[in-house]
Structure formats: C-alpha cells, structure tokens
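Below: my_file.csv (CSV, C-alpha atoms)
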```
chain,number,residue,atom,x,y,z
A,1012,MET,CA,0.0,0.0,0.0
A,1013,LYS,CA,2.8,2.4,0.9
A,1014,ARG,CA,4.6,1.6,-2.4
A,1015,ALA,CA,1.5,2.3,-4.4
A,1016,PHE,CA,1.0,5.6,-2.6
A,1017,ALA,CA,4.6,6.6,-3.2
A,1018,LEU,CA,4.3,5.8,-6.9
A,1019,ILE,CA,1.1,7.8,-7.2
A,1020,SER,CA,2.8,10.8,-5.5
A,1021,ILE,CA,5.8,10.6,-8.0
A,1022,LEU,CA,3.4,10.5,-10.9
A,1023,ILE,CA,1.5,13.6,-9.6
A,1024,LEU,CA,4.7,15.5,-9.1
A,1025,LEU,CA,6.4,14.4,-12.4
A,1026,PRO,CA,4.9,17.2,-14.7
A,1027,VAL,CA,6.2,19.9,-12.3
A,1028,VAL,CA,9.7,18.4,-11.8
A,1029,SER,CA,10.2,17.6,-15.5
A,1030,ALA,CA,9.1,21.0,-16.9
A,1031,GLN,CA,9.6,20.8,-20.6
A,1032,PHE,CA,10.5,23.5,-23.2
A,1033,THR,CA,11.8,23.8,-26.7
A,1034,VAL,CA,15.0,25.7,-27.5
A,1035,SER,CA,14.2,27.7,-30.7
A,1036,GLN,CA,17.5,29.8,-30.7
A,1037,VAL,CA,20.8,30.0,-28.9
A,1038,GLU,CA,23.3,32.8,-29.7
A,1039,LEU,CA,26.7,33.3,-28.2
A,1040,THR,CA,28.0,36.8,-29.1
A,1041,ILE,CA,31.7,37.2,-28.4
A,1042,TYR,CA,33.3,40.5,-27.7
A,1043,THR,CA,36.9,41.4,-28.3
A,1044,ASP,CA,37.8,41.3,-24.6
A,1045,GLY,CA,36.6,37.7,-24.3
A,1046,TYR,CA,33.2,38.4,-22.7
A,1047,VAL,CA,30.3,36.4,-24.2
A,1048,LYS,CA,26.7,37.4,-24.3
A,1049,VAL,CA,24.6,34.3,-24.0
A,1050,HIS,CA,21.0,34.5,-25.4
A,1051,TYR,CA,18.4,31.8,-25.4
A,1052,GLN,CA,14.9,31.8,-26.9
A,1053,LEU,CA,12.7,29.2,-25.2
A,1054,ILE,CA,9.2,28.0,-26.0
A,1055,PRO,CA,7.6,26.5,-22.9
A,1056,GLU,CA,5.4,23.4,-23.3
A,1057,GLU,CA,1.7,23.7,-22.4
A,1058,TYR,CA,1.0,23.8,-18.7
A,1059,THR,CA,4.6,24.3,-17.8
A,1060,SER,CA,4.9,26.5,-14.7
A,1061,GLN,CA,8.7,26.7,-14.4
A,1062,ILE,CA,11.9,26.1,-16.5
A,1063,SER,CA,15.3,25.0,-15.2
A,1064,LEU,CA,18.0,26.3,-17.6
A,1065,PRO,CA,21.7,25.4,-16.9
A,1066,LEU,CA,24.0,28.5,-16.8
A,1067,LEU,CA,27.1,28.5,-19.0
A,1068,GLY,CA,30.0,29.5,-16.8
A,1069,LYS,CA,30.2,30.1,-13.1
A,1070,ASN,CA,30.5,33.9,-13.3
A,1071,TYR,CA,27.7,35.8,-15.0
A,1072,GLU,CA,26.4,39.4,-15.1
A,1073,GLY,CA,23.3,41.3,-16.3
A,1074,VAL,CA,20.8,38.4,-16.3
A,1075,GLU,CA,17.6,39.4,-18.0
A,1076,VAL,CA,14.5,37.2,-18.5
A,1077,VAL,CA,11.5,38.5,-20.4
A,1078,ASP,CA,8.4,37.2,-22.2
A,1079,GLU,CA,7.5,37.7,-25.8
A,1080,ASN,CA,6.2,41.3,-25.0
A,1081,GLY,CA,9.4,42.3,-23.2
A,1082,ASN,CA,7.9,42.1,-19.8
A,1083,PRO,CA,10.3,40.8,-17.1
A,1084,LEU,CA,9.7,37.3,-15.6
A,1085,ASN,CA,10.6,36.2,-12.1
A,1086,PHE,CA,13.7,33.9,-11.8
A,1087,GLU,CA,16.2,32.7,-9.3
A,1088,VAL,CA,19.6,31.0,-9.5
A,1089,TYR,CA,19.9,27.5,-7.9
A,1090,ASN,CA,22.7,25.0,-8.3
A,1091,GLU,CA,24.2,26.8,-11.3
A,1092,SER,CA,20.9,26.8,-13.0
A,1093,LEU,CA,18.4,29.5,-13.8
A,1094,ILE,CA,14.9,28.7,-12.4
A,1095,ILE,CA,12.4,30.7,-14.5
A,1096,TYR,CA,8.7,31.1,-13.5
A,1097,VAL,CA,6.9,31.0,-16.8
A,1098,GLU,CA,3.5,32.4,-15.7
A,1099,ASN,CA,1.6,33.0,-19.0
A,1100,ALA,CA,4.6,33.5,-21.3
A,1101,GLN,CA,4.5,31.9,-24.7
A,1102,VAL,CA,8.1,32.7,-25.4
A,1103,VAL,CA,10.9,33.2,-22.9
A,1104,ASP,CA,14.0,35.3,-23.8
A,1105,VAL,CA,17.1,34.8,-21.5
A,1106,SER,CA,20.3,36.8,-21.8
A,1107,TYR,CA,23.4,37.3,-19.6
A,1108,TYR,CA,27.1,37.9,-19.9
A,1109,THR,CA,30.0,35.6,-18.8
A,1110,PRO,CA,33.8,35.7,-19.2
A,1111,ASP,CA,34.1,31.9,-18.5
A,1112,LEU,CA,33.6,30.5,-22.1
A,1113,THR,CA,36.8,31.9,-23.7
A,1114,TYR,CA,40.5,31.8,-23.0
A,1115,LYS,CA,43.6,33.2,-24.7
A,1116,GLU,CA,47.0,31.6,-25.5
A,1117,GLY,CA,49.3,34.0,-27.2
A,1118,LEU,CA,47.4,35.7,-30.0
A,1119,VAL,CA,44.8,32.9,-30.3
A,1120,TRP,CA,41.4,33.1,-28.6
A,1121,THR,CA,39.3,29.9,-28.1
A,1122,ILE,CA,35.7,29.5,-27.1
A,1123,ASN,CA,34.7,26.1,-25.7
A,1124,VAL,CA,31.0,25.2,-25.2
A,1125,SER,CA,29.1,22.0,-24.5
A,1126,MET,CA,25.6,22.2,-25.8
A,1127,GLU,CA,22.7,19.7,-26.4
A,1128,TYR,CA,21.4,21.6,-29.4
A,1129,PRO,CA,22.8,23.5,-32.4
A,1130,PHE,CA,23.9,27.1,-31.5
A,1131,ASP,CA,25.1,30.2,-33.3
A,1132,VAL,CA,28.5,31.8,-32.4
A,1133,ILE,CA,28.8,35.5,-33.5
A,1134,LEU,CA,32.5,36.3,-33.7
A,1135,PRO,CA,33.9,39.9,-33.6
A,1136,GLU,CA,33.9,41.5,-37.0
A,1137,ASN,CA,37.7,41.5,-37.1
A,1138,ALA,CA,38.0,37.8,-36.1
A,1139,VAL,CA,39.9,35.2,-38.3
A,1140,VAL,CA,39.1,31.6,-37.6
A,1141,VAL,CA,42.1,29.3,-37.3
A,1142,ASP,CA,40.6,26.1,-35.9
A,1143,LEU,CA,37.2,24.3,-35.5
A,1144,SER,CA,36.5,21.2,-33.5
A,1145,GLU,CA,33.9,20.0,-36.0
A,1146,LEU,CA,32.5,21.0,-39.4
A,1147,PRO,CA,29.9,23.8,-38.9
A,1148,LEU,CA,26.3,23.4,-40.0
A,1149,LYS,CA,26.4,26.9,-41.5
A,1150,ILE,CA,28.7,29.9,-42.0
A,1151,ALA,CA,27.4,33.3,-42.8
A,1152,SER,CA,29.8,36.2,-42.5
A,1153,ASN,CA,31.0,36.2,-38.9
A,1154,VAL,CA,28.2,33.9,-37.7
A,1155,ILE,CA,29.0,30.2,-37.3
A,1156,THR,CA,26.3,27.6,-36.6
A,1157,MET,CA,27.8,24.6,-34.7
A,1158,PRO,CA,26.2,21.2,-34.1
A,1159,PRO,CA,25.4,19.8,-30.7
A,1160,GLY,CA,28.2,18.5,-28.5
A,1161,ASN,CA,31.4,19.7,-27.0
A,1162,GLN,CA,32.5,22.3,-29.6
A,1163,SER,CA,35.4,24.8,-29.8
A,1164,ILE,CA,36.3,27.6,-32.2
A,1165,SER,CA,39.8,29.2,-32.2
A,1166,TYR,CA,40.3,32.6,-33.8
A,1167,THR,CA,42.6,35.6,-33.8
A,1168,LEU,CA,41.7,39.3,-34.0
A,1169,GLU,CA,43.1,41.2,-37.0
A,1170,PHE,CA,43.3,44.9,-36.8
A,1171,ALA,CA,42.4,46.8,-40.0
A,1172,ALA,CA,45.1,48.9,-41.6
A,1173,GLU,CA,45.0,51.4,-44.5
A,1174,GLU,CA,43.8,50.4,-47.9
A,1175,GLY,CA,46.4,48.7,-50.1
A,1176,ARG,CA,48.2,47.3,-47.1
A,1177,LYS,CA,50.9,45.5,-49.1
A,1178,ASP,CA,54.0,46.9,-47.5
A,1179,PHE,CA,55.1,44.3,-44.9
A,1180,TYR,CA,58.3,46.1,-43.9
A,1181,PHE,CA,56.5,48.5,-41.6
A,1182,PRO,CA,53.6,46.7,-40.0
A,1183,VAL,CA,54.1,48.0,-36.6
A,1184,LEU,CA,54.2,51.6,-37.8
A,1185,ALA,CA,51.1,51.2,-39.8
A,1186,PHE,CA,49.3,49.6,-36.8
A,1187,LEU,CA,50.3,52.5,-34.5
A,1188,VAL,CA,49.1,55.1,-37.0
A,1189,VAL,CA,45.7,53.4,-37.3
A,1190,LEU,CA,45.4,53.0,-33.6
A,1191,ILE,CA,46.2,56.7,-32.9
A,1192,ILE,CA,43.6,57.8,-35.4
A,1193,ALA,CA,41.0,55.5,-34.0
A,1194,ILE,CA,41.6,56.6,-30.4
A,1195,SER,CA,41.6,60.3,-31.4
A,1196,GLY,CA,38.3,59.8,-33.3
A,1197,PHE,CA,36.7,57.9,-30.5
A,1198,LEU,CA,37.7,60.6,-27.9
A,1199,THR,CA,36.4,63.3,-30.2
A,1200,ILE,CA,33.0,61.6,-30.7
A,1201,ARG,CA,32.8,60.8,-27.0
A,1202,LYS,CA,33.5,64.4,-26.0
A,1203,ARG,CA,30.8,65.7,-28.4
A,1204,LYS,CA,28.3,63.2,-27.1
A,1205,LYS,CA,29.0,64.3,-23.5
A,1206,GLU,CA,28.9,68.0,-24.3
A,1207,ALA,CA,25.8,68.0,-26.5
A,1208,PRO,CA,23.2,66.9,-23.9
A,1209,LYS,CA,24.6,69.4,-21.3
A,1210,GLU,CA,23.9,72.3,-23.7
A,1211,GLU,CA,20.3,71.1,-24.3
A,1212,LEU,CA,19.6,70.6,-20.6
A,1213,HIS,CA,20.5,74.1,-19.4
A,1214,ILE,CA,16.9,74.8,-18.3
A,1215,ASN,CA,15.5,75.6,-14.9
A,1216,ARG,CA,13.4,73.2,-12.9
A,1217,ASP,CA,10.2,75.2,-13.3
A,1218,GLU,CA,10.4,75.2,-17.1
A,1219,PHE,CA,11.1,71.5,-17.1
A,1220,LEU,CA,8.1,70.8,-14.9
A,1221,LYS,CA,5.9,73.0,-17.2
A,1222,LYS,CA,7.0,71.0,-20.3
A,1223,LEU,CA,6.2,67.7,-18.5
A,1224,GLU,CA,2.6,68.8,-18.0
A,1225,SER,CA,1.9,67.9,-21.7
A,1226,PHE,CA,2.7,64.3,-20.9
A,1227,ASN,CA,0.5,61.9,-19.0
A,1228,LEU,CA,3.0,61.1,-16.2
A,1229,ASN,CA,2.6,59.7,-12.7
A,1230,GLU,CA,4.4,61.0,-9.7
A,1231,ASP,CA,7.2,58.4,-9.8
A,1232,GLU,CA,7.9,59.2,-13.5
A,1233,LYS,CA,8.1,62.9,-12.7
A,1234,ARG,CA,10.4,62.3,-9.8
A,1235,ALA,CA,12.6,60.0,-11.9
A,1236,LEU,CA,13.0,62.6,-14.6
A,1237,LEU,CA,13.8,65.4,-12.2
A,1238,TYR,CA,16.4,63.2,-10.4
A,1239,ILE,CA,18.1,62.5,-13.8
A,1240,LEU,CA,18.0,66.2,-14.6
A,1241,GLU,CA,19.7,67.1,-11.3
A,1242,LYS,CA,22.4,64.4,-12.1
A,1243,GLY,CA,23.3,66.2,-15.3
A,1244,GLY,CA,21.0,64.4,-17.7
A,1245,ARG,CA,22.2,60.8,-17.1
A,1246,ALA,CA,22.0,58.3,-14.3
A,1247,SER,CA,22.1,54.5,-13.8
A,1248,GLN,CA,18.8,52.7,-13.5
A,1249,ALA,CA,19.9,51.2,-10.2
A,1250,GLU,CA,20.7,54.7,-8.9
A,1251,VAL,CA,17.3,56.1,-9.9
A,1252,ARG,CA,15.5,53.1,-8.5
A,1253,THR,CA,17.3,53.4,-5.1
A,1254,ALA,CA,16.6,57.2,-5.0
A,1255,LEU,CA,12.9,56.6,-5.6
A,1256,GLY,CA,12.6,53.5,-3.4
A,1257,ILE,CA,10.8,51.4,-6.0
A,1258,PRO,CA,11.2,47.7,-6.9
A,1259,LYS,CA,13.3,46.6,-9.9
A,1260,THR,CA,10.4,45.3,-12.0
A,1261,THR,CA,8.4,48.5,-11.4
A,1262,ALA,CA,11.4,50.7,-12.4
A,1263,TRP,CA,12.0,48.6,-15.5
A,1264,ARG,CA,8.4,49.1,-16.7
A,1265,MET,CA,8.6,52.8,-15.9
A,1266,PHE,CA,11.8,53.4,-17.9
A,1267,LYS,CA,10.2,51.5,-20.9
A,1268,ARG,CA,7.2,53.8,-20.7
A,1269,LEU,CA,9.3,56.9,-20.6
A,1270,GLU,CA,11.4,55.6,-23.5
A,1271,ARG,CA,8.2,55.0,-25.6
A,1272,GLN,CA,7.1,58.5,-25.0
A,1273,GLY,CA,10.4,59.8,-26.3
A,1274,LEU,CA,11.5,61.4,-23.0
A,1275,VAL,CA,14.5,59.2,-22.2
A,1276,ARG,CA,17.1,57.0,-24.0
A,1277,ILE,CA,18.0,53.7,-22.3
A,1278,ILE,CA,21.7,52.9,-22.8
A,1279,LYS,CA,22.6,49.3,-22.2
A,1280,GLY,CA,25.8,48.6,-20.3
A,1281,ARG,CA,27.7,45.5,-19.5
A,1282,LYS,CA,26.9,45.5,-15.8
A,1283,GLU,CA,23.9,47.9,-15.6
A,1284,ASN,CA,21.7,50.1,-17.8
A,1285,TRP,CA,21.8,53.9,-17.9
A,1286,VAL,CA,19.0,56.3,-18.5
A,1287,GLU,CA,19.6,59.6,-20.4
A,1288,LEU,CA,17.2,62.5,-21.0
A,1289,LYS,CA,16.5,63.1,-24.6
A,1290,PRO,CA,16.7,66.8,-25.8
```

As structure tokens - that is how I would like this structure written.
Amino acid sequence: MKRAFALISILILLPVVSAQFTVSQVELTIYTDGYVKVHYQLIPEEYTSQISLPLLGKNYEGVEVVDENGNPLNFEVYNESLIIYVENAQVVDVSYYTPDLTYKEGLVWTINVSMEYPFDVILPENAVVVDLSELPLKIASNVITMPPGNQSISYTLEFAAEEGRKDFYFPVLAFLVVLIIAISGFLTIRKRKKEAPKEELHINRDEFLKKLESFNLNEDEKRALLYILEKGGRASQAEVRTALGIPKTTAWRMFKRLERQGLVRIIKGRKENWVELKP
C-alpha cells in the first residue's frame, strides 16, 4: 500500500519536476575582450509552470529574463541553473554575460562550449578563424552555426590597416598610426556626445516641470525625470531606483514607458543600464 501511494505521488509531481521547453534559438556573441553574451529563446510546453536552464560558466552578469512582449519574468539561481517562473509566457528570452567561455593563448582566442542543441556563435567582425572542433552546420559572414556536442572555435583578432596594405616592412608603424587615429576619433566623438546633452539641458526646474505637463506622467515618473536632470541628464537605472525607493520590476516598466514617450534614452551597459534624458 505504501509503495502504491509513493508511486502515485511521484506520478503527480512528475509534470512539475520535468518541466519541458523547446529551444528555438541559442546565440553566443563574443566581444573582443573575451566576454560572451549568452542568449536563449525558449518555448515552454503547455501547462509548464517553471523552467530550469543550466547556466554557462560560473560567473555571470546582467541576467535578463523577459516574455514575448518584453515584460520581465521572475527567476532565481539555484545549483548553477536558472529557475524561471513562466507564468503565461508563450516565449521566454534569456540573456546574460559571462567571461568563462573563452581563454587566450598568445594571439589565439578559443571559445569552448558544450551544448545539447545547435547554436550560433557570433564572432567579432575582425576575427579570423584558425581552428574548428567540427565541421559547422552553416557559416554566414561572422556567424558560425555549430552542431550539438562539446565544440570549440579558435580565432585571432586582425586589426584593420589602411587600404592597399601590401608593405610588410613597416607593419608596426602602420598599426600604430591606425590606432592613434582610431583613439583620437573615439575621444572626439565621446566628447561631443557628452557635451551636447549638457547644452540642451540648461533649463531651470520650473520650465522643465511645465514641459512635462503635456505628458500623462505619474508621480514616480516625474520624480525620476527630475532626479536624472539634477544628475546632469544621465544616471544609472539602479541609482534612480534606489533614490525613488521602487522595486526593480516597477522601475524597468517605468523606464520603458518613458522611452516609448520619447522622454529618455536607455543605454545598455555590460553591468547595468543607464537612462539619459532626450533633448
């Protein structure tokens, strides 16, 4: 009798424990510093209440889990897996960053991944592949589709030089010239981007409040915009959320609403997102 009762209990719990889902897409975007953005698109089976997704790597940052409409879903990390509470989602998008999938030996970088399903590896634009563990399923520009299994891709990063780069006697000099021009251009653009918003935001608080009256904003949204204005026109989402004392999910939805109304620009960072007032 006890054995029959135990068997019935296991059968009742089985659908919950073995929550099923289909992996429709896996993308691994590699950055030049070795960081990898992991992106899954999952389709839960009917009546699935939660999904257990193993995390790639032991160190990870910026975990985001949203449904097909971009609304955040609740999740927690347990035993190096992501436990996702599906709710009514038809599609689940998961993304996070990890430095644990790549390593470098000399000039050669290698990404090593064990996957149960095919996956896409998006290499940096200046990457040159030097070795593959297995014949890819597909290659399109810098995107390589690998079959399931323990796979690795080795590559080097080639820096672009001037057109007609045929003179091999002065490669170091050519590289330094290009590097100096690139850094100078980057600093100039960065300086302009920093200075432009400050010129546009030289308005007083009363004028700013008057302009906001034309928008249908709640008190939290007004307080958030004023806080960002006082910080010079840009602040991190975490900083604004702490200042207003509102939950992370509520703040996420608020920033999305403000972005849709054209009042702010959300800048995605590696560790946290920033919010910038739009002129």

If we count only C-alpha atoms and set the cut-off at 9 Å, which residues sit around Pro1083 (chain A), ignoring sequence neighbours fewer than 5 positions away in its own chain? Please answer as a compact mmCIF listing (two decimals) with C-alpha atoms, in the coordinates of the input.
```txt
# COMPACT_ATOMS: atom_id res chain seq x y z
CA GLU A 1075 17.60 39.40 -18.00
CA VAL A 1076 14.50 37.20 -18.50
CA VAL A 1077 11.50 38.50 -20.40
CA ASP A 1078 8.40 37.20 -22.20
CA THR A 1260 10.40 45.30 -12.00
CA TRP A 1263 12.00 48.60 -15.50
CA ARG A 1264 8.40 49.10 -16.70
```

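Proximity of A:Phe1086, A:Tyr1071, A:Tyr1128, A:Tyr1051 to Leu1112 (chain A), computed with only C-alpha atoms, is greatest for A:Tyr1071.
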
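The space between CA of Trp1120 (chain A) and CA of Leu1093 (chain A) spans 27.6 Å.
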
| field | Distance in Å - CA of Gly1256 (chain A) versus CA of Asp1231 (chain A) | value | 9.7 Å

| task | Show which residues sit within 6 Å of Val1102 (chain A), as JSON, numbers by chain. Count all atoms listed in the file, and ignore same-chain residues fewer than 4 positions away. | result | {"A": [1053, 1054, 1078, 1079]}

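Computed from the coordinates, the CA of Gly1160 (chain A) to CA of Glu1038 (chain A) distance equals 15.2 Å.
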
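Distances to Pro1129 (chain A) were evaluated for A:Gln1101, A:Thr1109, A:Glu1270, A:Pro1159 using all atoms listed in the file, and the minimum falls at A:Pro1159.
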
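Distances to Gly1081 (chain A) were evaluated for A:Leu1148, A:Gln1061, A:Val1105, A:Val1251 using all atoms listed in the file, and the minimum falls at A:Val1105.
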
| query | Nearest to Tyr1108 (chain A) among A:Glu1169, A:Glu1250, A:Glu1283, A:Glu1241, with distances taken over all atoms listed in the file: which residue is it? | reply | A:Glu1283

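Nearest residue to Glu1057 (chain A) among A:Thr1033, A:Gln1272, A:Asn1090, A:Thr1253 is A:Thr1033, counting all atoms listed in the file.
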
| task | Give the answer as one residue: which of A:Gly1045, A:Asn1080, A:Lys1221, A:Leu1134 has the shortest atom-to-atom distance to Ile1150 (chain A), using all atoms listed in the file? | result | A:Leu1134

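Look at everything within 10 Å of (20.1, 57.6, -27.1) using all atoms listed in the file, and the residues you get are Lys1204, Glu1270, Gly1273, Val1275, Arg1276, Ile1277, Ile1278, Lys1279, Val1286, Glu1287, Leu1288, Lys1289 and Pro1290 of chain A.
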
| message | With all atoms listed in the file as the counted atoms, please give the residues lying no more than 10 Å from Asn1153 (chain A), apart from itself and same-chain residues fewer than 3 positions off, as a PyMOL selection string. | response | chain A and resi 1132-1140+1150
